[in-house]
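For reference, work.cif is printed below; it contains mmCIF, C-alpha atoms and all ligand atoms.
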```cif
data_data
loop_
_atom_site.label_atom_id
_atom_site.label_comp_id
_atom_site.auth_asym_id
_atom_site.auth_seq_id
_atom_site.Cartn_x
_atom_site.Cartn_y
_atom_site.Cartn_z
CA MET A 1 9.23 -22.79 -20.14
CA ASP A 2 5.75 -22.92 -18.67
CA VAL A 3 4.30 -26.23 -17.47
CA VAL A 4 2.93 -24.89 -14.19
CA GLY A 5 -0.17 -26.78 -13.07
CA LYS A 6 -0.04 -29.15 -16.06
CA VAL A 7 -0.49 -32.85 -15.38
CA ALA A 8 2.28 -34.96 -16.89
CA LEU A 9 2.50 -38.75 -17.16
CA VAL A 10 6.05 -40.04 -17.73
CA THR A 11 6.60 -43.77 -18.36
CA GLY A 12 9.71 -45.62 -17.23
CA ALA A 13 10.63 -42.82 -14.85
CA THR A 14 12.29 -44.80 -12.07
CA ARG A 15 15.76 -44.18 -13.48
CA GLY A 16 17.77 -42.81 -16.42
CA ILE A 17 16.26 -40.42 -18.94
CA GLY A 18 12.68 -40.86 -17.68
CA GLN A 19 13.67 -39.96 -14.14
CA ALA A 20 15.46 -36.81 -15.37
CA ILE A 21 12.42 -35.77 -17.42
CA ALA A 22 9.97 -36.31 -14.54
CA ALA A 23 12.25 -34.47 -12.09
CA ARG A 24 12.64 -31.52 -14.44
CA LEU A 25 8.90 -31.18 -15.09
CA LYS A 26 8.19 -31.48 -11.36
CA ASP A 27 10.75 -28.76 -10.55
CA ALA A 28 9.12 -26.57 -13.20
CA GLY A 29 5.76 -26.82 -11.43
CA ALA A 30 3.93 -29.64 -13.22
CA GLU A 31 1.91 -32.30 -11.38
CA ILE A 32 3.73 -35.54 -12.11
CA ALA A 33 2.62 -39.14 -12.44
CA VAL A 34 5.23 -41.78 -13.20
CA THR A 35 5.31 -45.45 -14.07
CA GLY A 36 8.09 -47.94 -13.65
CA ARG A 37 8.84 -51.47 -12.63
CA ASP A 38 11.11 -51.09 -9.62
CA GLU A 39 9.04 -50.90 -6.41
CA VAL A 40 11.82 -49.35 -4.31
CA LEU A 41 12.39 -46.56 -6.84
CA LEU A 42 8.63 -46.04 -7.26
CA GLN A 43 8.36 -45.60 -3.50
CA ALA A 44 11.02 -42.87 -3.67
CA TRP A 45 8.70 -40.94 -6.01
CA ARG A 46 5.71 -41.56 -3.72
CA ASP A 47 7.70 -40.13 -0.81
CA GLN A 48 7.79 -36.88 -2.81
CA GLY A 49 4.00 -36.91 -3.19
CA VAL A 50 4.06 -38.17 -6.77
CA LEU A 51 1.57 -40.70 -8.15
CA ALA A 52 3.88 -43.60 -8.96
CA ALA A 53 2.40 -46.79 -10.39
CA ALA A 54 3.93 -50.14 -11.25
CA ALA A 55 2.58 -50.55 -14.77
CA ASP A 56 3.98 -52.54 -17.65
CA VAL A 57 3.42 -50.57 -20.88
CA THR A 58 2.86 -53.83 -22.78
CA ASP A 59 -0.15 -54.68 -20.59
CA VAL A 60 -3.25 -52.86 -21.88
CA ARG A 61 -5.16 -53.37 -18.64
CA GLN A 62 -2.36 -51.97 -16.47
CA VAL A 63 -1.98 -49.01 -18.84
CA GLU A 64 -5.70 -48.20 -18.68
CA ASP A 65 -5.65 -48.51 -14.89
CA VAL A 66 -2.76 -46.09 -14.52
CA VAL A 67 -4.34 -43.53 -16.86
CA GLN A 68 -7.59 -43.80 -14.89
CA ALA A 69 -5.66 -43.35 -11.63
CA VAL A 70 -4.05 -40.15 -12.96
CA VAL A 71 -7.41 -38.74 -14.08
CA GLU A 72 -9.02 -39.65 -10.74
CA ARG A 73 -6.27 -37.90 -8.80
CA TYR A 74 -5.65 -34.84 -10.99
CA GLY A 75 -8.81 -34.62 -13.15
CA GLN A 76 -6.87 -34.41 -16.42
CA ILE A 77 -3.77 -35.36 -18.41
CA ASP A 78 -2.03 -32.56 -20.31
CA ILE A 79 1.33 -34.12 -21.09
CA VAL A 80 2.44 -37.66 -21.91
CA VAL A 81 6.08 -38.63 -22.26
CA ASN A 82 6.52 -42.16 -23.60
CA ASN A 83 9.98 -42.99 -22.35
CA ALA A 84 9.87 -46.66 -21.24
CA GLY A 85 12.09 -48.76 -23.47
CA ILE A 86 14.44 -51.73 -23.57
CA THR A 87 17.18 -53.26 -25.70
CA LYS A 88 17.76 -56.94 -26.41
CA ASP A 89 20.69 -56.78 -28.81
CA GLY A 90 22.00 -59.51 -31.06
CA LEU A 91 22.75 -60.20 -34.69
CA MET A 92 19.55 -60.63 -36.70
CA MET A 93 20.52 -64.13 -37.92
CA ARG A 94 20.63 -65.40 -34.35
CA MET A 95 17.88 -63.26 -32.84
CA SER A 96 15.22 -65.22 -30.96
CA ASP A 97 11.51 -64.64 -31.56
CA ALA A 98 11.23 -63.62 -27.91
CA ASP A 99 13.95 -60.93 -28.14
CA TRP A 100 12.39 -59.53 -31.32
CA GLN A 101 8.87 -59.47 -29.90
CA ARG A 102 9.69 -58.14 -26.44
CA VAL A 103 11.46 -55.09 -27.89
CA ILE A 104 8.68 -54.34 -30.38
CA ASP A 105 6.02 -54.87 -27.69
CA THR A 106 7.73 -52.55 -25.20
CA ASN A 107 9.16 -49.80 -27.40
CA LEU A 108 6.45 -49.54 -30.07
CA THR A 109 3.22 -51.19 -28.90
CA GLY A 110 3.81 -49.70 -25.44
CA VAL A 111 3.71 -46.20 -26.95
CA PHE A 112 0.47 -47.03 -28.78
CA ASN A 113 -1.07 -48.47 -25.59
CA ILE A 114 -0.32 -45.35 -23.53
CA CYS A 115 -1.35 -42.88 -26.25
CA ARG A 116 -4.65 -44.66 -26.93
CA ALA A 117 -5.51 -44.69 -23.24
CA ALA A 118 -4.55 -41.05 -22.60
CA ILE A 119 -5.66 -39.31 -25.79
CA ARG A 120 -9.41 -39.30 -24.99
CA CYS A 121 -8.73 -36.99 -22.09
CA MET A 122 -6.73 -34.62 -24.30
CA LEU A 123 -9.30 -34.69 -27.12
CA ARG A 124 -12.06 -33.68 -24.70
CA ARG A 125 -10.08 -30.73 -23.41
CA ARG A 126 -8.76 -29.80 -26.87
CA GLN A 127 -5.17 -29.55 -25.69
CA GLY A 128 -2.22 -31.80 -25.12
CA ARG A 129 1.45 -32.46 -25.65
CA ILE A 130 2.90 -35.89 -26.36
CA VAL A 131 6.62 -36.65 -26.64
CA ASN A 132 7.74 -40.11 -27.70
CA ILE A 133 11.33 -41.05 -26.89
CA SER A 134 12.71 -42.77 -29.98
CA SER A 135 16.45 -43.09 -30.73
CA VAL A 136 18.97 -42.05 -33.37
CA ILE A 137 19.26 -45.81 -33.97
CA GLY A 138 15.72 -45.65 -35.41
CA VAL A 139 17.02 -43.14 -37.97
CA ALA A 140 20.54 -44.37 -38.70
CA GLY A 141 20.32 -48.10 -37.81
CA ASN A 142 22.98 -50.09 -35.98
CA ALA A 143 24.37 -53.59 -36.47
CA GLY A 144 23.11 -55.89 -33.74
CA GLN A 145 19.99 -53.80 -33.07
CA THR A 146 17.48 -54.70 -35.80
CA ASN A 147 14.70 -55.16 -33.25
CA TYR A 148 15.51 -51.90 -31.45
CA ALA A 149 15.98 -49.91 -34.70
CA ALA A 150 12.68 -51.22 -36.10
CA SER A 151 10.82 -50.34 -32.89
CA LYS A 152 12.30 -46.83 -32.72
CA ALA A 153 11.74 -46.15 -36.45
CA GLY A 154 8.16 -47.33 -35.85
CA VAL A 155 7.79 -44.74 -33.10
CA ILE A 156 8.81 -41.99 -35.54
CA GLY A 157 6.18 -43.07 -38.09
CA PHE A 158 3.59 -43.42 -35.35
CA THR A 159 4.42 -39.90 -34.11
CA LYS A 160 3.98 -38.35 -37.55
CA ALA A 161 0.64 -40.10 -38.17
CA LEU A 162 -0.76 -39.27 -34.73
CA ALA A 163 0.41 -35.64 -35.05
CA LYS A 164 -1.70 -35.32 -38.22
CA GLU A 165 -4.65 -37.11 -36.63
CA VAL A 166 -4.95 -34.84 -33.58
CA ALA A 167 -3.55 -31.49 -34.75
CA SER A 168 -7.03 -30.00 -35.20
CA ARG A 169 -7.59 -30.55 -31.46
CA ASN A 170 -4.46 -28.64 -30.49
CA ILE A 171 -2.57 -31.78 -29.48
CA LEU A 172 1.11 -31.60 -30.47
CA VAL A 173 2.99 -34.88 -30.89
CA ASN A 174 6.76 -35.05 -31.35
CA ALA A 175 9.56 -37.59 -31.19
CA VAL A 176 12.89 -37.03 -29.48
CA THR A 177 15.83 -39.12 -30.64
CA PRO A 178 18.61 -39.30 -28.06
CA GLY A 179 22.08 -40.35 -29.12
CA TYR A 180 24.47 -41.86 -26.60
CA ILE A 181 23.13 -40.95 -23.16
CA ASP A 182 24.92 -42.13 -20.05
CA THR A 183 22.36 -44.41 -18.29
CA GLU A 184 22.05 -48.03 -17.13
CA MET A 185 21.03 -48.92 -20.70
CA THR A 186 24.33 -47.79 -22.21
CA ARG A 187 26.49 -49.02 -19.33
CA ALA A 188 26.13 -52.49 -20.87
CA LEU A 189 28.43 -51.40 -23.73
CA THR A 190 32.08 -52.50 -23.72
CA GLU A 191 34.88 -49.96 -23.16
CA GLU A 192 35.89 -50.43 -26.80
CA GLN A 193 32.36 -49.61 -28.04
CA ARG A 194 32.24 -46.58 -25.73
CA VAL A 195 35.51 -45.14 -27.08
CA GLU A 196 34.38 -45.70 -30.67
CA ILE A 197 31.05 -43.92 -30.09
CA LEU A 198 32.75 -40.98 -28.33
CA ARG A 199 35.05 -40.58 -31.31
CA ARG A 200 31.97 -40.04 -33.52
CA ILE A 201 30.26 -37.41 -31.34
CA PRO A 202 31.18 -33.90 -32.58
CA LEU A 203 30.46 -32.30 -29.20
CA GLY A 204 32.99 -34.71 -27.71
CA ARG A 205 30.99 -36.06 -24.78
CA THR A 206 28.15 -38.41 -23.98
CA GLY A 207 24.76 -36.93 -23.17
CA THR A 208 22.97 -36.83 -19.85
CA GLY A 209 19.35 -37.42 -18.92
CA GLU A 210 19.17 -33.69 -18.21
CA ASP A 211 20.21 -32.88 -21.79
CA VAL A 212 17.20 -34.84 -23.05
CA ALA A 213 14.92 -33.51 -20.31
CA ALA A 214 15.64 -29.89 -21.33
CA LEU A 215 14.42 -30.58 -24.88
CA VAL A 216 11.36 -32.49 -23.70
CA HIS A 217 10.55 -29.64 -21.30
CA PHE A 218 10.43 -27.17 -24.17
CA LEU A 219 8.35 -29.45 -26.43
CA VAL A 220 5.67 -30.01 -23.76
CA SER A 221 5.63 -26.40 -22.54
CA GLU A 222 3.21 -23.60 -23.39
CA GLU A 223 6.02 -21.98 -25.40
CA ASN A 224 5.77 -24.76 -27.98
CA LYS A 225 2.71 -23.82 -29.99
CA TYR A 226 3.79 -24.67 -33.53
CA ILE A 227 6.08 -27.70 -33.57
CA THR A 228 4.38 -31.03 -34.19
CA GLY A 229 5.14 -34.29 -35.98
CA GLN A 230 8.87 -33.63 -35.73
CA THR A 231 11.79 -35.88 -34.87
CA ILE A 232 14.43 -33.93 -32.97
CA HIS A 233 17.88 -35.38 -32.33
CA CYS A 234 19.52 -34.82 -28.95
CA ASP A 235 22.85 -36.47 -29.67
CA GLY A 236 25.76 -34.00 -29.59
CA GLY A 237 25.81 -34.12 -33.38
CA LEU A 238 26.24 -37.91 -33.66
CA VAL A 239 23.74 -38.10 -36.53
CA ILE A 240 23.87 -35.03 -38.75
N1 LIG B 301 20.50 -44.27 -22.99
C1 LIG B 301 20.61 -43.98 -24.27
O1 LIG B 301 21.71 -43.77 -24.78
C2 LIG B 301 19.39 -43.91 -25.13
C3 LIG B 301 19.58 -43.51 -26.46
C4 LIG B 301 18.47 -43.39 -27.30
C5 LIG B 301 17.21 -43.69 -26.81
N2 LIG B 301 17.05 -44.09 -25.52
C6 LIG B 301 15.69 -44.36 -25.07
O2 LIG B 301 15.39 -43.57 -23.94
C7 LIG B 301 14.45 -44.28 -23.12
C8 LIG B 301 15.00 -44.35 -21.71
O3 LIG B 301 16.24 -45.05 -21.74
P1 LIG B 301 17.28 -45.09 -20.53
O4 LIG B 301 18.62 -45.06 -21.11
O5 LIG B 301 16.89 -44.15 -19.47
O6 LIG B 301 17.02 -46.61 -20.06
P2 LIG B 301 16.90 -47.28 -18.63
O7 LIG B 301 17.04 -48.74 -18.89
O8 LIG B 301 17.80 -46.63 -17.64
O9 LIG B 301 15.40 -46.95 -18.21
C9 LIG B 301 14.31 -47.48 -18.91
C10 LIG B 301 13.07 -47.32 -18.08
O10 LIG B 301 11.99 -47.95 -18.78
C11 LIG B 301 11.31 -48.81 -17.89
N3 LIG B 301 10.69 -49.92 -18.62
C12 LIG B 301 11.28 -50.83 -19.42
N4 LIG B 301 10.38 -51.70 -19.90
C13 LIG B 301 9.18 -51.32 -19.38
C14 LIG B 301 7.87 -51.82 -19.50
N5 LIG B 301 7.57 -52.91 -20.23
N6 LIG B 301 6.88 -51.19 -18.85
C15 LIG B 301 7.15 -50.09 -18.11
N7 LIG B 301 8.37 -49.57 -17.95
C16 LIG B 301 9.38 -50.19 -18.58
C17 LIG B 301 12.37 -49.28 -16.90
O11 LIG B 301 11.79 -49.75 -15.70
C18 LIG B 301 13.17 -48.00 -16.71
O12 LIG B 301 12.56 -47.16 -15.75
C19 LIG B 301 14.24 -45.64 -23.77
O13 LIG B 301 13.08 -45.61 -24.57
C20 LIG B 301 15.48 -45.80 -24.64
O14 LIG B 301 15.25 -46.66 -25.72
C21 LIG B 301 18.12 -44.19 -24.67
#
```
Write the structure described by the file as structure tokens, please.
Ligand SMILES: NC(=O)c1ccc[n+]([C@@H]2O[C@H](COP(=O)([O-])OP(=O)(O)OC[C@H]3O[C@@H](n4cnc5c(N)ncnc54)[C@H](O)[C@@H]3O)[C@@H](O)[C@H]2O)c1
Amino acid sequence: MDVVGKVALVTGATRGIGQAIAARLKDAGAEIAVTGRDEVLLQAWRDQGVLAAAADVTDVRQVEDVVQAVVERYGQIDIVVNNAGITKDGLMMRMSDADWQRVIDTNLTGVFNICRAAIRCMLRRRQGRIVNISSVIGVAGNAGQTNYAASKAGVIGFTKALAKEVASRNILVNAVTPGYIDTEMTRALTEEQRVEILRRIPLGRTGTGEDVAALVHFLVSEENKYITGQTIHCDGGLVI
């Protein structure tokens, strides 16, 4: 799947799914730029010659600065993977304003911030691939995750609208909806919740960052010429 020489910006790539996506695209020959919040992990990327910036996706100024830094270094942006995301779970009745807002700001507004900053570059060059990491929770819902589900469902609507907006410029925009992927994010679940989720996965195992990265790799590659505006589950059959 050809991404050789393409310039890819992956947000939240210091660990978990984002790290797996960035590593896979780098191995496949793309020039990589990553964002994250952990300085030590960012430095590990820099040691591999990667542009790694501490940028909060909720901060418009920081987002614009990182996009500018990528363009200054590589001259273009061909691929954007919006992966940064958080959970702040709790029953809706007791959810604080702060927990609601932080999740919407990071998972939904963060995607808008990055896309708006990066799209000009793609429009000029009349090519681009954007993948937004949503979640099966945005499709199926989950008790205790109203903020997360709303943000991830928002990402799916955003993806469809943007795909229509920029299709004439050969920019393909898709959403990937992981199921239960074994990362720091899901390690917060109790053993009981883990067993219950496993029971519902037809393929009988949790996913890995690499499982998601393989799908993203295809969607952003030259081989994908005709898939846009889609929401593709990567969940072992959890939501069918
Ligand atoms: N793990 C799963 O089972 C699962 C399932 C469905 C969807 N997802 C989604 O996949 C994405 C990655 O999840 P993960 O499991 O690797 O989580 P993770 O917590 O391991 O990693 C999240 C990354 O996002 C970054 N991040 C968080 N807030 C940020 C902000 N404001 N600005 C910049 N970076 C920020 C973190 O620094 C980290 O690098 C998220 O969008 C998540 O919602 C994960």
List every residue of chain A that has an atom at most 6 Å from any atom of ligand LIG 301 (chain B), giving for each one its closest atom pair and the distance in Å to one decimal, counting all atoms listed in the file, sorted by chain and then by ascending residue number, as JSON lines.
```
{"residue": "A:Gly12", "atom": "CA", "partner": "B:LIG301", "partner_atom": "O12", "distance": 3.6}
{"residue": "A:Ala13", "atom": "CA", "partner": "B:LIG301", "partner_atom": "O12", "distance": 4.8}
{"residue": "A:Thr14", "atom": "CA", "partner": "B:LIG301", "partner_atom": "O12", "distance": 4.4}
{"residue": "A:Arg15", "atom": "CA", "partner": "B:LIG301", "partner_atom": "O12", "distance": 4.9}
{"residue": "A:Gly16", "atom": "CA", "partner": "B:LIG301", "partner_atom": "O5", "distance": 3.4}
{"residue": "A:Ile17", "atom": "CA", "partner": "B:LIG301", "partner_atom": "O5", "distance": 3.8}
{"residue": "A:Gly18", "atom": "CA", "partner": "B:LIG301", "partner_atom": "O5", "distance": 5.6}
{"residue": "A:Gly36", "atom": "CA", "partner": "B:LIG301", "partner_atom": "O11", "distance": 4.6}
{"residue": "A:Arg37", "atom": "CA", "partner": "B:LIG301", "partner_atom": "O11", "distance": 4.6}
{"residue": "A:Ala55", "atom": "CA", "partner": "B:LIG301", "partner_atom": "C15", "distance": 5.7}
{"residue": "A:Asp56", "atom": "CA", "partner": "B:LIG301", "partner_atom": "N6", "distance": 3.4}
{"residue": "A:Val57", "atom": "CA", "partner": "B:LIG301", "partner_atom": "N6", "distance": 4.1}
{"residue": "A:Thr58", "atom": "CA", "partner": "B:LIG301", "partner_atom": "N5", "distance": 5.4}
{"residue": "A:Asn83", "atom": "CA", "partner": "B:LIG301", "partner_atom": "O13", "distance": 4.6}
{"residue": "A:Ala84", "atom": "CA", "partner": "B:LIG301", "partner_atom": "O10", "distance": 3.5}
{"residue": "A:Gly85", "atom": "CA", "partner": "B:LIG301", "partner_atom": "O13", "distance": 3.5}
{"residue": "A:Ile86", "atom": "CA", "partner": "B:LIG301", "partner_atom": "C12", "distance": 5.3}
{"residue": "A:Thr106", "atom": "CA", "partner": "B:LIG301", "partner_atom": "N5", "distance": 5.0}
{"residue": "A:Ile133", "atom": "CA", "partner": "B:LIG301", "partner_atom": "O13", "distance": 5.4}
{"residue": "A:Ser134", "atom": "CA", "partner": "B:LIG301", "partner_atom": "C5", "distance": 5.6}
{"residue": "A:Ser135", "atom": "CA", "partner": "B:LIG301", "partner_atom": "C4", "distance": 4.0}
{"residue": "A:Pro178", "atom": "CA", "partner": "B:LIG301", "partner_atom": "C4", "distance": 4.2}
{"residue": "A:Gly179", "atom": "CA", "partner": "B:LIG301", "partner_atom": "C3", "distance": 4.8}
{"residue": "A:Tyr180", "atom": "CA", "partner": "B:LIG301", "partner_atom": "O1", "distance": 3.8}
{"residue": "A:Ile181", "atom": "CA", "partner": "B:LIG301", "partner_atom": "O1", "distance": 3.5}
{"residue": "A:Asp182", "atom": "CA", "partner": "B:LIG301", "partner_atom": "N1", "distance": 5.7}
{"residue": "A:Thr183", "atom": "CA", "partner": "B:LIG301", "partner_atom": "O4", "distance": 4.7}
{"residue": "A:Glu184", "atom": "CA", "partner": "B:LIG301", "partner_atom": "O8", "distance": 4.5}
{"residue": "A:Met185", "atom": "CA", "partner": "B:LIG301", "partner_atom": "O7", "distance": 4.4}
{"residue": "A:Thr186", "atom": "CA", "partner": "B:LIG301", "partner_atom": "N1", "distance": 5.3}
```
Quiz prompt | Residue neighbourhood A:Ala69, 10 Å, only C-alpha atoms, exclusion window fewer than 4 positions, as a VMD selection string | solution = chain A and resid 33 51 to 53 63 to 65 73 to 75
Exercise. May I ask which of the residues A:Ile201, A:Thr146, A:Asn174, A:Val34 is the closest one to A:Arg94, counting only C-alpha atoms?
Key: A:Thr146
Practice problem: Starting from the point (3.0, -23.3, -13.4), work out which residues of protein, DNA or RNA have an atom no more than 8 Å away when counting all atoms listed in the file; state them as number ranges by chain. | Solution: A: 2-6, 28-30
Exercise. Excluding A:Asn132 and any residue of its chain fewer than 6 positions from it, enumerate the residues within 9 Å of it, using all atoms listed in the file, and give them as number ranges by chain.
Key: A: 80-83, 111, 155-156, 159, 173-177
Quick one: write out the picked residues with C-alpha atoms as a compact mmCIF listing (two decimals), in the frame of the given file?
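Saved to out_12.txt:
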```txt
# COMPACT_ATOMS: atom_id res chain seq x y z
CA VAL A 80 2.44 -37.66 -21.91
CA VAL A 81 6.08 -38.63 -22.26
CA ASN A 82 6.52 -42.16 -23.60
CA ASN A 83 9.98 -42.99 -22.35
CA VAL A 111 3.71 -46.20 -26.95
CA VAL A 155 7.79 -44.74 -33.10
CA ILE A 156 8.81 -41.99 -35.54
CA THR A 159 4.42 -39.90 -34.11
CA VAL A 173 2.99 -34.88 -30.89
CA ASN A 174 6.76 -35.05 -31.35
CA ALA A 175 9.56 -37.59 -31.19
CA VAL A 176 12.89 -37.03 -29.48
CA THR A 177 15.83 -39.12 -30.64
```
Please produce stretch 199-214 of chain A, completed to N, CA, C and O atoms, as a PDB file, in the coordinates of the input.
```
ATOM      1  N   ARG A 199      34.270 -41.096 -30.178  1.00  0.00           N
ATOM      2  CA  ARG A 199      35.050 -40.580 -31.310  1.00  0.00           C
ATOM      3  C   ARG A 199      34.132 -39.968 -32.371  1.00  0.00           C
ATOM      4  O   ARG A 199      34.505 -39.040 -33.075  1.00  0.00           O
ATOM      5  N   ARG A 200      32.902 -40.492 -32.464  1.00  0.00           N
ATOM      6  CA  ARG A 200      31.970 -40.040 -33.520  1.00  0.00           C
ATOM      7  C   ARG A 200      31.044 -38.900 -33.080  1.00  0.00           C
ATOM      8  O   ARG A 200      30.208 -38.447 -33.847  1.00  0.00           O
ATOM      9  N   ILE A 201      31.154 -38.479 -31.816  1.00  0.00           N
ATOM     10  CA  ILE A 201      30.260 -37.410 -31.340  1.00  0.00           C
ATOM     11  C   ILE A 201      30.963 -36.060 -31.466  1.00  0.00           C
ATOM     12  O   ILE A 201      31.914 -35.780 -30.722  1.00  0.00           O
ATOM     13  N   PRO A 202      30.517 -35.193 -32.383  1.00  0.00           N
ATOM     14  CA  PRO A 202      31.180 -33.900 -32.580  1.00  0.00           C
ATOM     15  C   PRO A 202      31.313 -33.073 -31.302  1.00  0.00           C
ATOM     16  O   PRO A 202      32.337 -32.419 -31.112  1.00  0.00           O
ATOM     17  N   LEU A 203      30.333 -33.093 -30.423  1.00  0.00           N
ATOM     18  CA  LEU A 203      30.460 -32.300 -29.200  1.00  0.00           C
ATOM     19  C   LEU A 203      31.404 -32.931 -28.177  1.00  0.00           C
ATOM     20  O   LEU A 203      31.672 -32.355 -27.118  1.00  0.00           O
ATOM     21  N   GLY A 204      31.895 -34.132 -28.479  1.00  0.00           N
ATOM     22  CA  GLY A 204      32.990 -34.710 -27.710  1.00  0.00           C
ATOM     23  C   GLY A 204      32.643 -35.254 -26.332  1.00  0.00           C
ATOM     24  O   GLY A 204      33.534 -35.485 -25.521  1.00  0.00           O
ATOM     25  N   ARG A 205      31.348 -35.460 -26.072  1.00  0.00           N
ATOM     26  CA  ARG A 205      30.990 -36.060 -24.780  1.00  0.00           C
ATOM     27  C   ARG A 205      29.676 -36.829 -24.929  1.00  0.00           C
ATOM     28  O   ARG A 205      28.918 -36.608 -25.885  1.00  0.00           O
ATOM     29  N   THR A 206      29.439 -37.725 -23.992  1.00  0.00           N
ATOM     30  CA  THR A 206      28.150 -38.410 -23.980  1.00  0.00           C
ATOM     31  C   THR A 206      27.103 -37.462 -23.411  1.00  0.00           C
ATOM     32  O   THR A 206      27.436 -36.486 -22.749  1.00  0.00           O
ATOM     33  N   GLY A 207      25.842 -37.786 -23.677  1.00  0.00           N
ATOM     34  CA  GLY A 207      24.760 -36.930 -23.170  1.00  0.00           C
ATOM     35  C   GLY A 207      24.324 -37.364 -21.783  1.00  0.00           C
ATOM     36  O   GLY A 207      24.691 -38.441 -21.297  1.00  0.00           O
ATOM     37  N   THR A 208      23.533 -36.509 -21.158  1.00  0.00           N
ATOM     38  CA  THR A 208      22.970 -36.830 -19.850  1.00  0.00           C
ATOM     39  C   THR A 208      21.441 -36.848 -19.956  1.00  0.00           C
ATOM     40  O   THR A 208      20.870 -36.293 -20.909  1.00  0.00           O
ATOM     41  N   GLY A 209      20.821 -37.448 -18.965  1.00  0.00           N
ATOM     42  CA  GLY A 209      19.350 -37.420 -18.920  1.00  0.00           C
ATOM     43  C   GLY A 209      18.843 -35.995 -18.928  1.00  0.00           C
ATOM     44  O   GLY A 209      17.826 -35.682 -19.561  1.00  0.00           O
ATOM     45  N   GLU A 210      19.586 -35.106 -18.282  1.00  0.00           N
ATOM     46  CA  GLU A 210      19.170 -33.690 -18.210  1.00  0.00           C
ATOM     47  C   GLU A 210      19.211 -33.026 -19.584  1.00  0.00           C
ATOM     48  O   GLU A 210      18.386 -32.153 -19.872  1.00  0.00           O
ATOM     49  N   ASP A 211      20.169 -33.434 -20.422  1.00  0.00           N
ATOM     50  CA  ASP A 211      20.210 -32.880 -21.790  1.00  0.00           C
ATOM     51  C   ASP A 211      18.909 -33.190 -22.527  1.00  0.00           C
ATOM     52  O   ASP A 211      18.340 -32.343 -23.222  1.00  0.00           O
ATOM     53  N   VAL A 212      18.438 -34.432 -22.371  1.00  0.00           N
ATOM     54  CA  VAL A 212      17.200 -34.840 -23.050  1.00  0.00           C
ATOM     55  C   VAL A 212      16.000 -34.164 -22.380  1.00  0.00           C
ATOM     56  O   VAL A 212      15.081 -33.677 -23.057  1.00  0.00           O
ATOM     57  N   ALA A 213      16.043 -34.090 -21.057  1.00  0.00           N
ATOM     58  CA  ALA A 213      14.920 -33.510 -20.310  1.00  0.00           C
ATOM     59  C   ALA A 213      14.686 -32.050 -20.700  1.00  0.00           C
ATOM     60  O   ALA A 213      13.546 -31.587 -20.777  1.00  0.00           O
ATOM     61  N   ALA A 214      15.772 -31.312 -20.967  1.00  0.00           N
ATOM     62  CA  ALA A 214      15.640 -29.890 -21.330  1.00  0.00           C
ATOM     63  C   ALA A 214      14.857 -29.743 -22.633  1.00  0.00           C
ATOM     64  O   ALA A 214      14.005 -28.855 -22.769  1.00  0.00           O
TER      65      ALA A 214
END
```
